[in-house]
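To be precise, the following lines are input.cif, and they hold mmCIF, C-alpha atoms.
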data_model
loop_
_atom_site.label_atom_id
_atom_site.label_comp_id
_atom_site.auth_asym_id
_atom_site.auth_seq_id
_atom_site.Cartn_x
_atom_site.Cartn_y
_atom_site.Cartn_z
CA LEU O 1396 78.62 -88.87 200.55
CA GLY O 1397 79.15 -85.12 201.02
CA VAL O 1398 82.13 -82.88 200.10
CA LEU O 1399 84.85 -82.78 202.83
CA PRO O 1400 85.34 -79.34 204.56
CA GLU O 1401 88.46 -77.32 203.62
CA THR O 1402 91.25 -76.98 206.26
CA ASP O 1403 94.80 -75.69 206.24
CA ILE O 1404 96.27 -79.14 206.32
CA GLY O 1405 93.67 -80.98 204.22
CA PRO O 1406 94.09 -82.19 200.67
CA PRO O 1407 93.59 -79.82 197.74
CA ALA O 1408 90.03 -79.10 196.49
CA ALA O 1409 90.42 -80.97 193.22
CA PRO O 1410 90.72 -84.44 194.80
CA ALA O 1411 87.67 -83.65 196.93
CA ARG O 1412 85.64 -82.92 193.78
CA GLU O 1413 86.85 -86.17 192.29
CA THR O 1414 85.70 -88.02 195.37
CA ALA O 1415 82.23 -86.44 195.06
CA GLN O 1416 82.07 -87.29 191.36
CA ASN O 1417 83.15 -90.83 192.05
CA ALA O 1418 80.48 -91.17 194.72
CA ALA O 1419 77.78 -89.86 192.36
CA ALA O 1420 78.82 -92.12 189.50
CA PRO O 1421 76.86 -95.22 190.60
CA GLN O 1422 73.67 -93.10 190.89
CA THR O 1423 74.25 -91.68 187.39
CA GLU O 1424 74.76 -95.15 185.95
CA GLN O 1425 71.62 -96.36 187.70
CA LYS O 1426 69.54 -93.53 186.18
CA ALA O 1427 71.00 -94.25 182.77
CA ALA O 1428 70.04 -97.90 183.11
CA GLU O 1429 66.50 -96.94 184.13
CA THR O 1430 66.07 -94.68 181.09
CA SER O 1431 67.65 -97.06 178.59
CA THR O 1432 65.66 -98.81 175.83
CA PRO O 1433 63.74 -101.94 177.01
CA ASN O 1434 65.33 -105.24 176.16
CA ALA O 1435 63.78 -107.78 173.78
CA ALA O 1436 61.76 -109.45 176.54
CA GLU O 1437 60.06 -106.13 177.39
CA ALA O 1438 59.41 -105.15 173.77
CA LYS O 1439 55.93 -105.08 172.23
CA PRO O 1440 54.65 -108.57 171.41
CA SER O 1441 55.36 -109.70 167.89
CA GLY O 1442 52.71 -110.12 165.23
CA LYS O 1443 52.69 -113.89 165.79
CA LYS O 1444 51.85 -113.47 169.48
CA ALA O 1445 49.01 -111.08 168.62
CA LYS O 1446 47.56 -113.64 166.23
CA LYS O 1447 47.65 -116.32 168.93
CA ALA O 1448 45.72 -114.03 171.29
CA LYS O 1449 43.10 -113.49 168.59
CA LYS O 1450 42.66 -117.24 168.13
CA ALA O 1451 42.03 -117.61 171.84
CA SER O 1452 39.02 -115.25 171.76
CA PRO O 1453 35.52 -116.75 172.43
CA PRO O 1454 33.69 -118.28 169.45
CA ALA O 1455 31.11 -116.17 167.65
CA ALA O 1456 27.42 -116.57 168.55
CA PRO O 1457 25.33 -118.80 166.25
CA ALA O 1458 23.82 -117.05 163.26
CA ALA O 1459 20.15 -116.05 163.45
CA GLY O 1460 19.46 -118.40 160.52
CA ASP O 1461 20.23 -121.37 162.78
CA GLN O 1462 16.95 -120.86 164.70
CA PRO O 1463 14.43 -123.65 163.98
CA VAL O 1464 11.85 -122.16 161.66
CA ILE O 1465 8.86 -123.34 163.72
CA THR O 1466 10.08 -121.33 166.75
CA LYS O 1467 9.71 -118.11 164.75
CA LEU O 1468 5.95 -118.62 164.88
CA ASP O 1469 4.02 -117.20 167.85
CA MET O 1470 1.19 -119.68 168.42
CA ARG O 1471 -1.01 -119.09 171.46
CA VAL O 1472 -3.79 -120.79 173.39
CA GLY O 1473 -7.00 -118.81 172.94
CA GLN O 1474 -10.73 -118.88 173.54
CA ILE O 1475 -13.48 -117.53 171.31
CA VAL O 1476 -15.46 -115.01 173.37
CA ASN O 1477 -17.69 -113.67 170.61
CA VAL O 1478 -18.60 -114.91 167.13
CA TRP O 1479 -20.98 -113.96 164.33
CA LYS O 1480 -21.48 -114.70 160.65
CA HIS O 1481 -19.92 -112.35 158.15
CA GLU O 1482 -22.52 -110.05 156.58
CA THR O 1483 -21.72 -110.94 152.98
CA ALA O 1484 -19.32 -113.91 152.92
CA ASP O 1485 -21.35 -117.10 153.39
CA ARG O 1486 -18.40 -119.24 154.52
CA LEU O 1487 -16.84 -116.82 157.01
CA TYR O 1488 -17.21 -116.48 160.75
CA CYS O 1489 -15.97 -113.31 162.42
CA GLU O 1490 -14.53 -114.05 165.87
CA GLU O 1491 -13.16 -112.21 168.85
CA ILE O 1492 -10.58 -114.44 170.53
CA ASP O 1493 -8.97 -113.95 173.92
CA ILE O 1494 -5.25 -114.85 173.72
CA GLY O 1495 -4.20 -113.10 176.93
CA GLU O 1496 -3.86 -109.60 175.46
CA GLU O 1497 -5.62 -106.43 176.62
CA THR O 1498 -8.31 -106.80 173.97
CA PRO O 1499 -9.49 -109.88 172.05
CA ARG O 1500 -8.10 -110.56 168.58
CA ARG O 1501 -10.55 -110.15 165.69
CA ILE O 1502 -10.06 -113.06 163.30
CA ALA O 1503 -12.06 -114.35 160.32
CA SER O 1504 -12.26 -118.10 159.59
CA GLY O 1505 -13.89 -120.01 156.74
CA LEU O 1506 -15.51 -122.53 159.08
CA VAL O 1507 -19.24 -122.05 158.44
CA PRO O 1508 -19.45 -125.41 156.59
CA HIS O 1509 -17.83 -127.22 159.53
CA TYR O 1510 -19.21 -125.68 162.76
CA THR O 1511 -22.49 -124.19 163.84
CA LEU O 1512 -22.51 -120.78 165.49
CA GLU O 1513 -23.28 -122.42 168.84
CA GLU O 1514 -20.32 -124.82 168.45
CA MET O 1515 -17.99 -121.91 167.81
CA GLN O 1516 -18.94 -119.94 170.95
CA ASN O 1517 -16.45 -120.30 173.87
CA ARG O 1518 -14.38 -122.85 171.91
CA ARG O 1519 -10.76 -123.20 173.02
CA VAL O 1520 -8.44 -122.90 170.02
CA LEU O 1521 -4.88 -122.25 168.88
CA VAL O 1522 -4.10 -118.91 167.23
CA MET O 1523 -1.15 -117.99 164.99
CA ALA O 1524 -0.63 -114.54 166.44
CA ASN O 1525 2.35 -112.98 164.62
CA LEU O 1526 0.87 -112.83 161.14
CA LYS O 1527 0.25 -109.62 159.21
CA ALA O 1528 -3.36 -108.44 159.33
CA LYS O 1529 -5.39 -109.20 156.19
CA ASN O 1530 -8.66 -107.84 154.85
CA LEU O 1531 -11.03 -110.76 154.28
CA VAL O 1532 -14.11 -109.43 152.47
CA SER O 1533 -13.77 -106.04 154.22
CA PHE O 1534 -13.14 -107.64 157.63
CA LYS O 1535 -9.62 -107.08 159.00
CA SER O 1536 -8.32 -110.38 160.39
CA HIS O 1537 -5.43 -110.29 162.89
CA GLY O 1538 -4.21 -113.86 162.89
CA MET O 1539 -5.38 -117.36 162.06
CA VAL O 1540 -6.97 -120.23 163.98
CA VAL O 1541 -5.28 -123.63 163.59
CA CYS O 1542 -7.27 -126.57 162.18
CA ALA O 1543 -6.66 -130.13 161.01
CA ALA O 1544 -8.15 -131.36 157.75
CA GLU O 1545 -8.55 -134.78 156.23
CA ASP O 1546 -6.43 -135.32 153.13
CA ALA O 1547 -9.40 -136.13 150.90
CA GLU O 1548 -10.92 -133.24 148.96
CA GLY O 1549 -13.87 -131.85 150.88
CA GLY O 1550 -12.94 -133.91 153.95
CA LYS O 1551 -13.59 -133.02 157.56
CA VAL O 1552 -12.02 -129.89 159.10
CA GLU O 1553 -11.75 -129.38 162.86
CA PHE O 1554 -9.90 -127.24 165.39
CA ILE O 1555 -6.61 -128.29 166.92
CA GLU O 1556 -7.51 -128.10 170.62
CA PRO O 1557 -5.21 -127.29 173.55
CA PRO O 1558 -5.52 -129.44 176.69
CA ALA O 1559 -7.92 -128.20 179.35
CA GLY O 1560 -5.18 -127.16 181.78
CA ALA O 1561 -3.29 -124.92 179.35
CA ALA O 1562 -3.65 -121.24 180.25
CA ILE O 1563 -5.16 -118.67 177.89
CA GLY O 1564 -2.28 -116.84 176.21
CA GLU O 1565 0.25 -119.63 176.77
CA ARG O 1566 2.70 -119.98 173.88
CA ILE O 1567 2.92 -123.37 172.17
CA SER O 1568 6.38 -124.91 172.42
CA PHE O 1569 8.21 -127.69 170.59
CA PRO O 1570 10.37 -129.93 172.80
CA GLY O 1571 14.09 -129.64 172.02
CA LEU O 1572 13.61 -126.55 169.83
CA GLU O 1573 14.29 -123.05 171.16
CA GLY O 1574 13.82 -119.56 169.77
CA GLU O 1575 11.85 -116.35 170.13
CA PRO O 1576 9.04 -115.45 167.71
CA ILE O 1577 9.77 -112.84 165.07
CA SER O 1578 7.62 -109.88 164.07
CA ALA O 1579 4.63 -110.12 161.74
CA ALA O 1580 6.52 -108.06 159.16
CA GLN O 1581 9.47 -110.48 159.24
CA MET O 1582 7.11 -113.47 159.02
CA GLY O 1583 5.73 -112.10 155.77
CA LYS O 1584 9.02 -110.91 154.30
CA ARG O 1585 10.78 -114.23 154.95
CA LYS O 1586 7.74 -116.34 153.96
CA VAL O 1587 8.07 -118.28 157.20
CA LEU O 1588 4.53 -119.65 157.16
CA ASP O 1589 5.06 -121.04 153.65
CA ALA O 1590 8.11 -122.90 154.97
CA ILE O 1591 6.25 -124.25 158.02
CA ILE O 1592 2.93 -125.42 156.52
CA PRO O 1593 4.20 -128.46 154.54
CA ASP O 1594 5.52 -130.10 157.73
CA LEU O 1595 2.40 -129.56 159.87
CA ARG O 1596 0.36 -132.75 160.39
CA THR O 1597 -1.56 -134.68 162.97
CA VAL O 1598 0.03 -138.00 163.91
CA ASP O 1599 -2.36 -140.31 165.76
CA GLY O 1600 -4.37 -137.20 166.56
CA VAL O 1601 -1.43 -135.21 168.00
CA ALA O 1602 -0.58 -131.95 166.23
CA THR O 1603 3.06 -131.96 165.10
CA TRP O 1604 5.62 -130.02 163.11
CA ASN O 1605 8.11 -132.32 161.42
CA GLY O 1606 7.17 -134.99 163.97
CA VAL O 1607 7.62 -132.70 167.03
CA PRO O 1608 4.38 -132.25 169.02
CA PHE O 1609 2.64 -128.94 169.70
CA THR O 1610 3.19 -128.81 173.47
CA THR O 1611 1.74 -126.85 176.40
CA SER O 1612 2.34 -126.95 180.15
CA ASP O 1613 -0.52 -129.48 180.32
CA GLY O 1614 0.57 -131.72 177.47
CA PRO O 1615 0.22 -131.89 173.67
CA CYS O 1616 -2.48 -130.34 171.50
CA ARG O 1617 -4.76 -132.66 169.55
CA ALA O 1618 -7.40 -132.91 166.86
CA PRO O 1619 -10.52 -134.69 168.22
CA THR O 1620 -11.02 -137.05 165.26
CA VAL O 1621 -8.65 -136.18 162.37
CA SER O 1622 -5.89 -138.56 163.42
CA ASN O 1623 -3.65 -138.24 160.36
CA GLY O 1624 -4.27 -135.11 158.37
CA GLN O 1625 -2.93 -131.75 157.26
CA ILE O 1626 -2.77 -128.79 159.60
CA ARG O 1627 -3.63 -125.41 158.20
#
Represent the structure from my file as structure tokens, please.
Amino acid sequence: LGVLPETDIGPPAAPARETAQNAAAPQTEQKAAETSTPNAAEAKPSGKKAKKAKKASPPAAPAAGDQPVITKLDMRVGQIVNVWKHETADRLYCEEIDIGEETPRRIASGLVPHYTLEEMQNRRVLVMANLKAKNLVSFKSHGMVVCAAEDAEGGKVEFIEPPAGAAIGERISFPGLEGEPISAAQMGKRKVLDAIIPDLRTVDGVATWNGVPFTTSDGPCRAPTVSNGQIR
């Protein structure tokens, strides 16, 4: 609504200004309403509502300590590609073992009383691969082969053997148990091997941890003749 033009017979200017003011009033009220403080429904959510939103957040991930201890071990299928007797330690063999890495692992094993040199060559074995290297009579050993032993003192000791179809470098799994291996430094710091060893046994020849079989893509791993013995 605009201001009416002035004429000789028209109404005085003052009423015209009132008309303009009256016309502008609804717009002024509308602007005032738009700039007024929000009502209670538009106000910031109360502390109680914020707490409810927090409760609805996703649950936290399981703690790392919930991982089954055996899955922290990195145990691999390997094959001895070279072996010789230690120069000074009568009971030790020095081996180079292919576990699917760029170069074979050098590992020392006290198996001279149990295997001839010829029996050791090209033998398929299991290797605990994420152990800290140790000096064994001046030979640095980067892991450990896995054997079964009869319970009697001085009893038979023999390799735990993977099935023929298991690939070199394949990691041993434990059905129903999941987890990634940890570093060699963590294995030593947390004494993981000490926690695992007491529950390692052969059951009817099958290698197990706490009753769960050592498993590959081609089936379980076994000891040839030590049907119920310690694994070490």
> Do you have the atom CA of O:Ile1563-atom CA of O:Val1476 distance handy?
Replying inline: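 So the answer is 11.8 Å.
This file gives the following result for the PyMOL selection byres ((chain O and resi 1605) around 12): Pro1463, Val1464, Ile1465, Phe1569, Pro1570, Leu1572, Ala1590, Ile1591, Ile1592, Pro1593, Asp1594, Leu1595, Arg1596, Thr1597, Val1598, Val1601, Ala1602, Thr1603, Trp1604, Gly1606, Val1607, Pro1608, Phe1609, Gln1625 and Ile1626 of chain O.
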What does the file look like for those residues with C-alpha atoms, as a compact mmCIF listing (two decimals), in the frame of the given file?
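The result, stored in result.txt:
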# COMPACT_ATOMS: atom_id res chain seq x y z
CA PRO O 1463 14.43 -123.65 163.98
CA VAL O 1464 11.85 -122.16 161.66
CA ILE O 1465 8.86 -123.34 163.72
CA PHE O 1569 8.21 -127.69 170.59
CA PRO O 1570 10.37 -129.93 172.80
CA LEU O 1572 13.61 -126.55 169.83
CA ALA O 1590 8.11 -122.90 154.97
CA ILE O 1591 6.25 -124.25 158.02
CA ILE O 1592 2.93 -125.42 156.52
CA PRO O 1593 4.20 -128.46 154.54
CA ASP O 1594 5.52 -130.10 157.73
CA LEU O 1595 2.40 -129.56 159.87
CA ARG O 1596 0.36 -132.75 160.39
CA THR O 1597 -1.56 -134.68 162.97
CA VAL O 1598 0.03 -138.00 163.91
CA VAL O 1601 -1.43 -135.21 168.00
CA ALA O 1602 -0.58 -131.95 166.23
CA THR O 1603 3.06 -131.96 165.10
CA TRP O 1604 5.62 -130.02 163.11
CA GLY O 1606 7.17 -134.99 163.97
CA VAL O 1607 7.62 -132.70 167.03
CA PRO O 1608 4.38 -132.25 169.02
CA PHE O 1609 2.64 -128.94 169.70
CA GLN O 1625 -2.93 -131.75 157.26
CA ILE O 1626 -2.77 -128.79 159.60
>> For a test of reading the model, state the distance in Å between atom CA of O:Gln1516 and atom CA of O:Ser1504, rounded to one decimal.
In response: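 Between atom CA of O:Gln1516 and atom CA of O:Ser1504 the gap is 13.3 Å.
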>> Calculated over all atoms listed in the file, which of the candidates O:Ala1528, O:Cys1489, O:Met1515, O:Val1540 has the smallest distance to O:Gly1473?
In response: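 Closest residue, counting all atoms listed in the file: O:Val1540.
We find atom CA of O:Val1472 and atom CA of O:Pro1619 to be spaced 16.3 Å apart.
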> Skipping near chain neighbours, those fewer than 4 positions away, what residues fall within 10 Å of O:Thr1466 using all atoms listed in the file, listed as number ranges by chain?
Replying inline: O: 1462, 1470, 1567-1569, 1572-1577, 1591
>> Neighbouring residues of O:Cys1542 were defined as those with any atom within 6 Å, considering all atoms listed in the file; residues of the same chain fewer than 2 positions away were excluded. Please report them as a PyMOL selection string.
In response: chain O and resi 1553-1555+1626-1627
Put a box with edges along x, y and z around all the listed atoms of stretch 1605-1614 of chain O, pad it by 3 Å on each side, then give me its centre and sizes in Å, one decimal, as JSON.
{"center_x": 3.8, "center_y": -130.9, "center_z": 170.9, "size_x": 14.6, "size_y": 14.1, "size_z": 24.9}
> Within 8 Å of O:Leu1531, counting all atoms listed in the file, which residues qualify if same-chain residues fewer than 4 places away don't, as a list in words?
Replying inline: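 In the requested form, the answer reads Ala1503, Lys1535 and Ser1536 of chain O.
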> Of the residues O:Ser1612, O:Asn1623, O:Asn1525, O:Ser1533, which is the one nearest to O:Val1587, using only C-alpha atoms?
Replying inline: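 Of all the options, O:Asn1525 lies closest to O:Val1587.
Applied to this file, the PyMOL selection byres ((chain O and resi 1505) around 8) selects the residues Arg1486, Leu1487, Tyr1488, Ala1503, Ser1504, Leu1506, Val1507 and Pro1508 of chain O.
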>> Let me make sure I understand: among O:Glu1513, O:Asp1613, O:Glu1482, O:Asp1599, which one has the smallest atom-to-atom distance to O:Pro1558 if we use only C-alpha atoms?
In response: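 Counting only C-alpha atoms, the residue closest to O:Pro1558 is O:Asp1613.
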Taking the file above as input, evaluate the PyMOL selection byres ((chain O and resi 1496) around 12) and report the hits as a compact mmCIF listing (two decimals) with C-alpha atoms, keeping the file's coordinate frame.
# COMPACT_ATOMS: atom_id res chain seq x y z
CA ARG O 1471 -1.01 -119.09 171.46
CA VAL O 1472 -3.79 -120.79 173.39
CA GLY O 1473 -7.00 -118.81 172.94
CA GLN O 1474 -10.73 -118.88 173.54
CA GLU O 1491 -13.16 -112.21 168.85
CA ILE O 1492 -10.58 -114.44 170.53
CA ASP O 1493 -8.97 -113.95 173.92
CA ILE O 1494 -5.25 -114.85 173.72
CA GLY O 1495 -4.20 -113.10 176.93
CA GLU O 1497 -5.62 -106.43 176.62
CA THR O 1498 -8.31 -106.80 173.97
CA PRO O 1499 -9.49 -109.88 172.05
CA ARG O 1500 -8.10 -110.56 168.58
CA ARG O 1501 -10.55 -110.15 165.69
CA ALA O 1524 -0.63 -114.54 166.44
CA ILE O 1563 -5.16 -118.67 177.89
CA GLY O 1564 -2.28 -116.84 176.21
CA GLU O 1565 0.25 -119.63 176.77
